[in-house]
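**Student:** Once you've had a glance at the structure underneath, I'll fire off some questions.
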Number of protein chains: 2
Amino acid sequence: MLPFVQLSRNPLKLPSILNSEIVASSRLFSIESLDLRFSNGETRTFERLPKRGREAVIVCAVTENREVVLIREYMAGLHKYELGLPKGRVDLGESFAYAANRELKEEAGFGARSIVHLRELSLAPGQMGFSIHAMLATDLYPESLPGDEPEPLEVVLWPLDRIDELIFSHELSEARSIATLKIAEVALQGNHPEEPTLIAAG
Amino acid sequence: MLPFVQLSRNPLKLPSILNSEIVASSRLFSIESLDLRFSNGETRTFERLPKRGREAVIVCAVTENREVVLIREYMAGLHKYELGLPKGRVDLGESFAYAANRELKEEAGFGARSIVHLRELSLAPGQMGFSIHAMLATDLYPESLPGDEPEPLEVVLWPLDRIDELIFSHELSEARSIATLKIAEVALQGNHPEEPTLIAAG
């Protein structure tokens, strides 16, 4: 059990938000303009993409043979196929563990008997409010659920002991997946700062 | 030197982009709607945030005492102060190494005599075209350059050997910073898949 990191020396005073305005929005995204006054009097106009809609989960699932479950999926942002960890939105009324288990069943054909919340990850916190909850799933069994993917996803099992090759691969570029894989690796070594919450997955 | 990961079994056929349209945009961001036809005939409309503007770098700088250089900065997306690695845009005509070195000087008060390109990281490749180049800076010396920050940034040195505490800290949530820290840690152990390109920083 590692101590919790507390690095703050001085309590910092947050900038005042003088004005905020949604300057553009679409079906999924909004763009917000913020007029800020920092505690030293400096003023700036920032743009950010605020969080919208439901929470999300990303799942590092590990088989009894110590392999991580990857999926290969079309990534519209890059217009290419890439590997990554299963992920998706938390539906109304679902716990993070339940949502992680459902996504694992839909995207990779596995259910998990135990799921641990690792931590919340932000993407680019200077410009975006988006975040995702990193989960660790173990004690897997085969179970599939129909998902809403436009095509079946290829499932790739990759040895946990060779994660350090994967994180340099050009087939997996996503910072969220790489961070979750390495955090899960540390948690599996027993170095988790909080007592793991083991949840019997539904 | 680790082997390069090549996992693809079947060459996958990319979806056809039937139509694409910028549905909203602002000073910094655009939102694009894409009509896609997957190779199995399924059609879907996706939204994505395409990459705009210049490339970006994120820098893991390591002192001779094996400490990583962190900065504490106001994160508008989350409206809080958080720790993260120095980062910024690549200016016109700059190499990635030069830009990384300049950002390190502006944000943290260090120059580096050697800088290695670790890899390109995407953020959320299913929905965004954004990426950032993860760099490793070593052989540091004190040097400051004026930046465009609204207030001076607090610099925190954290022992490389205790990164596994940091990646669970609530003071550092950014997936890009966590991924870069852990990739740099692996690279510093000599497990870098490509020959490091050592660049004499300007």
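Residue numbers start at 1 in each chain; chains themselves are named A, B, ... in the order of the structure tokens; ligands are numbered from 1 in the order shown.
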Wanna dump the stretch 5-122 of chain A-stretch 31-42 of chain B contacts at 12 Å for me, each residue with its shortest atom pair and the distance in Å to one decimal, counting only C-alpha atoms, ordered by chain and number, as JSON lines?
**Tutor:**
```
{"residue": "A:Ala24", "atom": "CA", "partner": "B:Ile31", "partner_atom": "CA", "distance": 8.9}
{"residue": "A:Ser25", "atom": "CA", "partner": "B:Ile31", "partner_atom": "CA", "distance": 8.1}
{"residue": "A:Ser26", "atom": "CA", "partner": "B:Ile31", "partner_atom": "CA", "distance": 7.3}
{"residue": "A:Arg27", "atom": "CA", "partner": "B:Ser33", "partner_atom": "CA", "distance": 9.4}
{"residue": "A:Leu28", "atom": "CA", "partner": "B:Ile31", "partner_atom": "CA", "distance": 9.1}
{"residue": "A:Phe29", "atom": "CA", "partner": "B:Ile31", "partner_atom": "CA", "distance": 7.5}
{"residue": "A:Ser30", "atom": "CA", "partner": "B:Ile31", "partner_atom": "CA", "distance": 8.8}
{"residue": "A:Ile31", "atom": "CA", "partner": "B:Ile31", "partner_atom": "CA", "distance": 9.1}
{"residue": "A:Leu49", "atom": "CA", "partner": "B:Ile31", "partner_atom": "CA", "distance": 10.8}
{"residue": "A:Glu73", "atom": "CA", "partner": "B:Phe38", "partner_atom": "CA", "distance": 11.6}
{"residue": "A:Tyr74", "atom": "CA", "partner": "B:Phe38", "partner_atom": "CA", "distance": 9.3}
{"residue": "A:Met75", "atom": "CA", "partner": "B:Leu36", "partner_atom": "CA", "distance": 11.8}
{"residue": "A:Ala76", "atom": "CA", "partner": "B:Leu34", "partner_atom": "CA", "distance": 8.5}
{"residue": "A:Gly77", "atom": "CA", "partner": "B:Glu32", "partner_atom": "CA", "distance": 9.7}
{"residue": "A:His79", "atom": "CA", "partner": "B:Leu36", "partner_atom": "CA", "distance": 10.5}
{"residue": "A:Tyr81", "atom": "CA", "partner": "B:Phe38", "partner_atom": "CA", "distance": 11.9}
```
**Student:** Could you give me, as a Markdown table, every chain B residue with an atom at most 7 Å from chain A, plus its closest atom pair and distance in Å to one decimal, counting only C-alpha atoms, rows ordered by chain then number?
**Tutor:**
```
| residue | atom | partner | partner_atom | distance |
| --- | --- | --- | --- | --- |
| B:Leu2 | CA | A:Glu165 | CA | 6.3 |
| B:Phe4 | CA | A:Ser169 | CA | 6.6 |
| B:Val5 | CA | A:Ser169 | CA | 5.5 |
| B:Leu14 | CA | A:Lys80 | CA | 6.7 |
| B:Val23 | CA | A:Ser26 | CA | 7.0 |
| B:Ala24 | CA | A:Ala24 | CA | 5.8 |
| B:Ser25 | CA | A:Ala24 | CA | 6.4 |
| B:Ser26 | CA | A:Ala24 | CA | 6.8 |
| B:Glu42 | CA | A:Pro150 | CA | 6.0 |
| B:Arg48 | CA | A:Gly77 | CA | 5.7 |
| B:Leu49 | CA | A:Gly77 | CA | 6.8 |
| B:Pro50 | CA | A:Gly77 | CA | 6.4 |
| B:Met75 | CA | A:Gly126 | CA | 4.1 |
| B:Ala76 | CA | A:Gly126 | CA | 5.0 |
| B:Gly77 | CA | A:Met128 | CA | 4.2 |
| B:Leu78 | CA | A:Gly129 | CA | 5.2 |
| B:Lys80 | CA | A:Leu14 | CA | 6.7 |
| B:Arg119 | CA | A:Phe168 | CA | 6.8 |
| B:Glu120 | CA | A:Ser173 | CA | 6.8 |
| B:Leu121 | CA | A:Ser173 | CA | 5.0 |
| B:Ser122 | CA | A:Glu174 | CA | 4.7 |
| B:Leu123 | CA | A:Ala175 | CA | 5.5 |
| B:Ala124 | CA | A:Glu174 | CA | 6.3 |
| B:Pro125 | CA | A:Gly77 | CA | 4.8 |
| B:Gly126 | CA | A:Met75 | CA | 4.1 |
| B:Gln127 | CA | A:Gly77 | CA | 4.8 |
| B:Met128 | CA | A:Gly77 | CA | 4.2 |
| B:Gly129 | CA | A:Gly77 | CA | 4.3 |
| B:Pro150 | CA | A:Glu42 | CA | 5.9 |
| B:Asp164 | CA | A:Val186 | CA | 6.9 |
| B:Glu165 | CA | A:Val5 | CA | 6.3 |
| B:Leu166 | CA | A:Val5 | CA | 6.3 |
| B:Ile167 | CA | A:Ile183 | CA | 7.0 |
| B:Phe168 | CA | A:Arg119 | CA | 6.8 |
| B:Ser169 | CA | A:Val5 | CA | 5.5 |
| B:Ser173 | CA | A:Leu121 | CA | 5.0 |
| B:Glu174 | CA | A:Ser122 | CA | 4.7 |
| B:Ala175 | CA | A:Arg176 | CA | 5.2 |
| B:Arg176 | CA | A:Ala175 | CA | 5.2 |
| B:Ile178 | CA | A:Ala179 | CA | 5.6 |
| B:Ala179 | CA | A:Ala179 | CA | 4.6 |
| B:Ile183 | CA | A:Ile167 | CA | 7.0 |
| B:Val186 | CA | A:Asp164 | CA | 6.9 |
| B:Pro193 | CA | A:Phe168 | CA | 6.9 |
```
**Student:** Atoms to include: N, CA and C atoms. Write the selected residues as a CSV table (one decimal), in the first residue's frame.
**Tutor:**
```csv
chain,number,residue,atom,x,y,z
B,2,LEU,N,13.4,-4.0,-27.4
B,2,LEU,CA,12.3,-4.9,-27.5
B,2,LEU,C,11.9,-5.0,-29.0
B,4,PHE,N,9.4,-4.9,-32.1
B,4,PHE,CA,8.3,-4.0,-32.4
B,4,PHE,C,7.0,-4.9,-32.6
B,5,VAL,N,6.0,-4.4,-31.9
B,5,VAL,CA,4.7,-5.2,-31.9
B,5,VAL,C,4.0,-5.1,-33.2
B,14,LEU,N,-10.7,0.1,-44.4
B,14,LEU,CA,-11.3,1.3,-43.8
B,14,LEU,C,-12.7,1.6,-44.3
B,23,VAL,N,-19.6,21.1,-38.7
B,23,VAL,CA,-20.9,21.5,-38.3
B,23,VAL,C,-20.8,22.7,-37.3
B,24,ALA,N,-19.7,22.9,-36.7
B,24,ALA,CA,-19.5,24.0,-35.8
B,24,ALA,C,-18.0,24.2,-35.6
B,25,SER,N,-17.6,25.5,-35.4
B,25,SER,CA,-16.2,25.8,-35.1
B,25,SER,C,-16.1,27.0,-34.3
B,26,SER,N,-14.9,27.2,-33.7
B,26,SER,CA,-14.6,28.3,-32.9
B,26,SER,C,-13.2,28.7,-33.2
B,42,GLU,N,-22.7,-1.6,-43.3
B,42,GLU,CA,-23.3,-0.7,-42.3
B,42,GLU,C,-23.0,0.7,-42.5
B,48,ARG,N,-16.6,14.0,-34.9
B,48,ARG,CA,-15.2,14.0,-34.4
B,48,ARG,C,-14.7,15.4,-34.3
B,49,LEU,N,-13.7,15.6,-33.5
B,49,LEU,CA,-13.0,16.9,-33.4
B,49,LEU,C,-11.7,16.7,-34.1
B,50,PRO,N,-11.6,17.2,-35.4
B,50,PRO,CA,-10.4,17.0,-36.1
B,50,PRO,C,-9.2,17.8,-35.6
B,75,MET,N,-6.1,24.3,-14.8
B,75,MET,CA,-6.6,23.5,-15.8
B,75,MET,C,-8.1,23.9,-16.1
B,76,ALA,N,-8.3,24.7,-17.1
B,76,ALA,CA,-9.6,25.3,-17.4
B,76,ALA,C,-10.7,24.3,-17.6
B,77,GLY,N,-10.3,23.1,-18.2
B,77,GLY,CA,-11.3,22.1,-18.5
B,77,GLY,C,-11.9,21.6,-17.3
B,78,LEU,N,-11.1,21.5,-16.2
B,78,LEU,CA,-11.6,21.0,-14.9
B,78,LEU,C,-11.9,22.1,-13.9
B,80,LYS,N,-9.6,23.6,-12.0
B,80,LYS,CA,-8.8,23.3,-10.8
B,80,LYS,C,-7.3,23.3,-11.2
B,119,ARG,N,7.3,8.8,-28.5
B,119,ARG,CA,6.3,8.3,-29.4
B,119,ARG,C,5.2,9.4,-29.6
B,120,GLU,N,4.3,9.2,-30.5
B,120,GLU,CA,3.1,10.1,-30.7
B,120,GLU,C,2.0,9.4,-29.9
B,121,LEU,N,1.3,10.2,-29.2
B,121,LEU,CA,0.1,9.7,-28.4
B,121,LEU,C,-1.1,10.4,-28.9
B,122,SER,N,-2.2,9.6,-29.1
B,122,SER,CA,-3.5,10.2,-29.3
B,122,SER,C,-4.3,10.3,-28.0
B,123,LEU,N,-5.4,11.1,-28.0
B,123,LEU,CA,-6.1,11.3,-26.8
B,123,LEU,C,-7.3,10.4,-26.7
B,124,ALA,N,-8.2,10.5,-27.6
B,124,ALA,CA,-9.4,9.7,-27.6
B,124,ALA,C,-9.7,9.5,-29.1
B,125,PRO,N,-8.9,8.6,-29.7
B,125,PRO,CA,-8.9,8.5,-31.2
B,125,PRO,C,-10.2,8.2,-31.9
B,126,GLY,N,-11.1,7.6,-31.1
B,126,GLY,CA,-12.5,7.4,-31.7
B,126,GLY,C,-13.2,8.6,-32.0
B,127,GLN,N,-12.9,9.7,-31.3
B,127,GLN,CA,-13.7,10.9,-31.4
B,127,GLN,C,-12.9,12.2,-31.7
B,128,MET,N,-11.5,12.0,-31.7
B,128,MET,CA,-10.7,13.2,-31.8
B,128,MET,C,-9.5,12.9,-32.7
B,129,GLY,N,-9.1,13.9,-33.4
B,129,GLY,CA,-7.8,13.8,-34.2
B,129,GLY,C,-6.6,14.3,-33.5
B,150,PRO,N,-0.4,33.1,-17.8
B,150,PRO,CA,-1.0,34.2,-17.1
B,150,PRO,C,-0.4,34.4,-15.7
B,164,ASP,N,5.0,5.4,-9.2
B,164,ASP,CA,3.8,4.6,-9.0
B,164,ASP,C,2.9,5.2,-7.9
B,165,GLU,N,3.4,6.1,-7.1
B,165,GLU,CA,2.5,6.8,-6.2
B,165,GLU,C,1.8,8.0,-7.0
B,166,LEU,N,2.6,8.6,-7.8
B,166,LEU,CA,2.1,9.8,-8.6
B,166,LEU,C,0.9,9.4,-9.5
B,167,ILE,N,1.0,8.2,-10.1
B,167,ILE,CA,0.0,7.9,-11.1
B,167,ILE,C,-1.4,7.5,-10.4
B,168,PHE,N,-1.4,7.5,-9.1
B,168,PHE,CA,-2.7,7.3,-8.4
B,168,PHE,C,-3.1,8.6,-7.7
B,169,SER,N,-2.3,9.6,-7.9
B,169,SER,CA,-2.6,10.9,-7.1
B,169,SER,C,-3.8,11.6,-7.7
B,173,SER,N,-4.3,14.0,-12.9
B,173,SER,CA,-5.3,13.1,-13.5
B,173,SER,C,-5.1,12.9,-15.0
B,174,GLU,N,-4.2,13.6,-15.6
B,174,GLU,CA,-4.1,13.6,-17.1
B,174,GLU,C,-3.5,12.3,-17.6
B,175,ALA,N,-4.3,11.7,-18.5
B,175,ALA,CA,-3.8,10.4,-19.1
B,175,ALA,C,-2.6,10.6,-19.9
B,176,ARG,N,-2.5,11.8,-20.6
B,176,ARG,CA,-1.3,12.0,-21.4
B,176,ARG,C,0.0,12.1,-20.5
B,178,ILE,N,0.4,10.8,-17.5
B,178,ILE,CA,0.6,9.4,-16.9
B,178,ILE,C,1.3,8.5,-17.9
B,179,ALA,N,0.7,8.5,-19.1
B,179,ALA,CA,1.3,7.6,-20.2
B,179,ALA,C,2.7,8.0,-20.5
B,183,ILE,N,6.0,5.7,-20.0
B,183,ILE,CA,6.8,5.4,-21.2
B,183,ILE,C,8.2,5.8,-21.0
B,186,VAL,N,10.1,3.4,-18.8
B,186,VAL,CA,10.5,2.2,-19.6
B,186,VAL,C,11.7,2.5,-20.5
B,193,PRO,N,12.1,0.7,-28.2
B,193,PRO,CA,12.1,-0.2,-29.4
B,193,PRO,C,12.9,0.4,-30.6
```
**Student:** Could you tell me, as a VMD selection string, which residues of stretch 36-109 of chain A DSSP assigns to strand (DSSP E or B) when given the backbone?
**Tutor:** chain A and resid 36 to 37 43 to 49 56 to 62 67 to 75 80 to 84 87 to 89
**Student:** Report the residues of stretch 79-117 of chain B whose backbone DSSP state falls under alpha helix (DSSP H), written as a PyMOL selection string.
**Tutor:** chain B and resi 96-108
**Student:** Just write the chosen residues, all heavy atoms, as a compact mmCIF listing (two decimals), in the first residue's frame.
**Tutor:**
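Saved file selection00.txt follows:
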```
# COMPACT_ATOMS: atom_id res chain seq x y z
N PHE B 96 10.56 18.94 -33.01
CA PHE B 96 9.92 18.52 -31.77
C PHE B 96 10.87 18.74 -30.58
O PHE B 96 10.46 19.19 -29.51
CB PHE B 96 9.51 17.04 -31.82
CG PHE B 96 8.45 16.75 -32.84
CD1 PHE B 96 8.50 15.60 -33.62
CD2 PHE B 96 7.38 17.61 -33.03
CE1 PHE B 96 7.52 15.32 -34.55
CE2 PHE B 96 6.38 17.34 -33.97
CZ PHE B 96 6.46 16.19 -34.73
N ALA B 97 12.14 18.40 -30.78
CA ALA B 97 13.12 18.52 -29.68
C ALA B 97 13.30 19.98 -29.29
O ALA B 97 13.35 20.33 -28.10
CB ALA B 97 14.46 17.91 -30.09
N TYR B 98 13.38 20.86 -30.28
CA TYR B 98 13.56 22.28 -29.99
C TYR B 98 12.35 22.82 -29.23
O TYR B 98 12.50 23.54 -28.23
CB TYR B 98 13.79 23.06 -31.29
CG TYR B 98 14.21 24.49 -31.04
CD1 TYR B 98 15.55 24.84 -30.99
CD2 TYR B 98 13.26 25.48 -30.79
CE1 TYR B 98 15.94 26.15 -30.72
CE2 TYR B 98 13.63 26.78 -30.52
CZ TYR B 98 14.97 27.12 -30.49
OH TYR B 98 15.35 28.40 -30.22
N ALA B 99 11.15 22.44 -29.70
CA ALA B 99 9.92 22.91 -29.04
C ALA B 99 9.84 22.39 -27.61
O ALA B 99 9.47 23.13 -26.69
CB ALA B 99 8.70 22.45 -29.84
N ALA B 100 10.21 21.12 -27.40
CA ALA B 100 10.17 20.54 -26.06
C ALA B 100 11.12 21.29 -25.13
O ALA B 100 10.79 21.60 -23.98
CB ALA B 100 10.55 19.06 -26.12
N ASN B 101 12.29 21.61 -25.65
CA ASN B 101 13.29 22.32 -24.86
C ASN B 101 12.81 23.74 -24.51
O ASN B 101 12.95 24.21 -23.38
CB ASN B 101 14.60 22.36 -25.63
CG ASN B 101 15.80 22.53 -24.73
OD1 ASN B 101 15.73 22.23 -23.53
ND2 ASN B 101 16.90 23.01 -25.27
N ARG B 102 12.20 24.41 -25.49
CA ARG B 102 11.70 25.77 -25.25
C ARG B 102 10.59 25.75 -24.19
O ARG B 102 10.59 26.56 -23.26
CB ARG B 102 11.18 26.36 -26.57
CG ARG B 102 10.60 27.75 -26.41
CD ARG B 102 10.04 28.32 -27.70
NE ARG B 102 9.18 27.40 -28.44
CZ ARG B 102 7.96 27.02 -28.05
NH1 ARG B 102 7.44 27.49 -26.92
NH2 ARG B 102 7.25 26.18 -28.78
N GLU B 103 9.66 24.80 -24.31
CA GLU B 103 8.57 24.72 -23.33
C GLU B 103 9.11 24.43 -21.93
O GLU B 103 8.61 24.97 -20.93
CB GLU B 103 7.56 23.63 -23.73
CG GLU B 103 6.73 23.98 -24.97
CD GLU B 103 5.72 25.12 -24.73
OE1 GLU B 103 5.43 25.43 -23.56
OE2 GLU B 103 5.25 25.71 -25.72
N LEU B 104 10.12 23.58 -21.87
CA LEU B 104 10.74 23.24 -20.58
C LEU B 104 11.38 24.48 -19.94
O LEU B 104 11.26 24.70 -18.73
CB LEU B 104 11.78 22.16 -20.84
CG LEU B 104 12.35 21.38 -19.67
CD1 LEU B 104 11.26 20.68 -18.87
CD2 LEU B 104 13.37 20.35 -20.18
N LYS B 105 12.01 25.29 -20.77
CA LYS B 105 12.61 26.53 -20.27
C LYS B 105 11.53 27.52 -19.83
O LYS B 105 11.65 28.18 -18.80
CB LYS B 105 13.48 27.18 -21.36
CG LYS B 105 14.75 26.39 -21.67
CD LYS B 105 15.48 26.99 -22.88
CE LYS B 105 16.66 26.12 -23.29
NZ LYS B 105 17.31 26.60 -24.54
N GLU B 106 10.45 27.64 -20.64
CA GLU B 106 9.40 28.61 -20.33
C GLU B 106 8.59 28.20 -19.10
O GLU B 106 8.24 29.04 -18.27
CB GLU B 106 8.43 28.74 -21.52
CG GLU B 106 9.02 29.43 -22.74
CD GLU B 106 8.07 29.47 -23.92
OE1 GLU B 106 6.91 29.02 -23.79
OE2 GLU B 106 8.48 29.92 -24.99
N GLU B 107 8.27 26.93 -19.00
CA GLU B 107 7.33 26.50 -17.96
C GLU B 107 8.03 26.04 -16.69
O GLU B 107 7.45 26.10 -15.61
CB GLU B 107 6.43 25.37 -18.49
CG GLU B 107 5.57 25.83 -19.68
CD GLU B 107 4.46 24.85 -20.04
OE1 GLU B 107 4.52 23.69 -19.57
OE2 GLU B 107 3.56 25.24 -20.79
N ALA B 108 9.26 25.52 -16.81
CA ALA B 108 9.86 24.89 -15.64
C ALA B 108 11.25 25.40 -15.29
O ALA B 108 11.81 25.04 -14.25
CB ALA B 108 9.91 23.37 -15.84
```
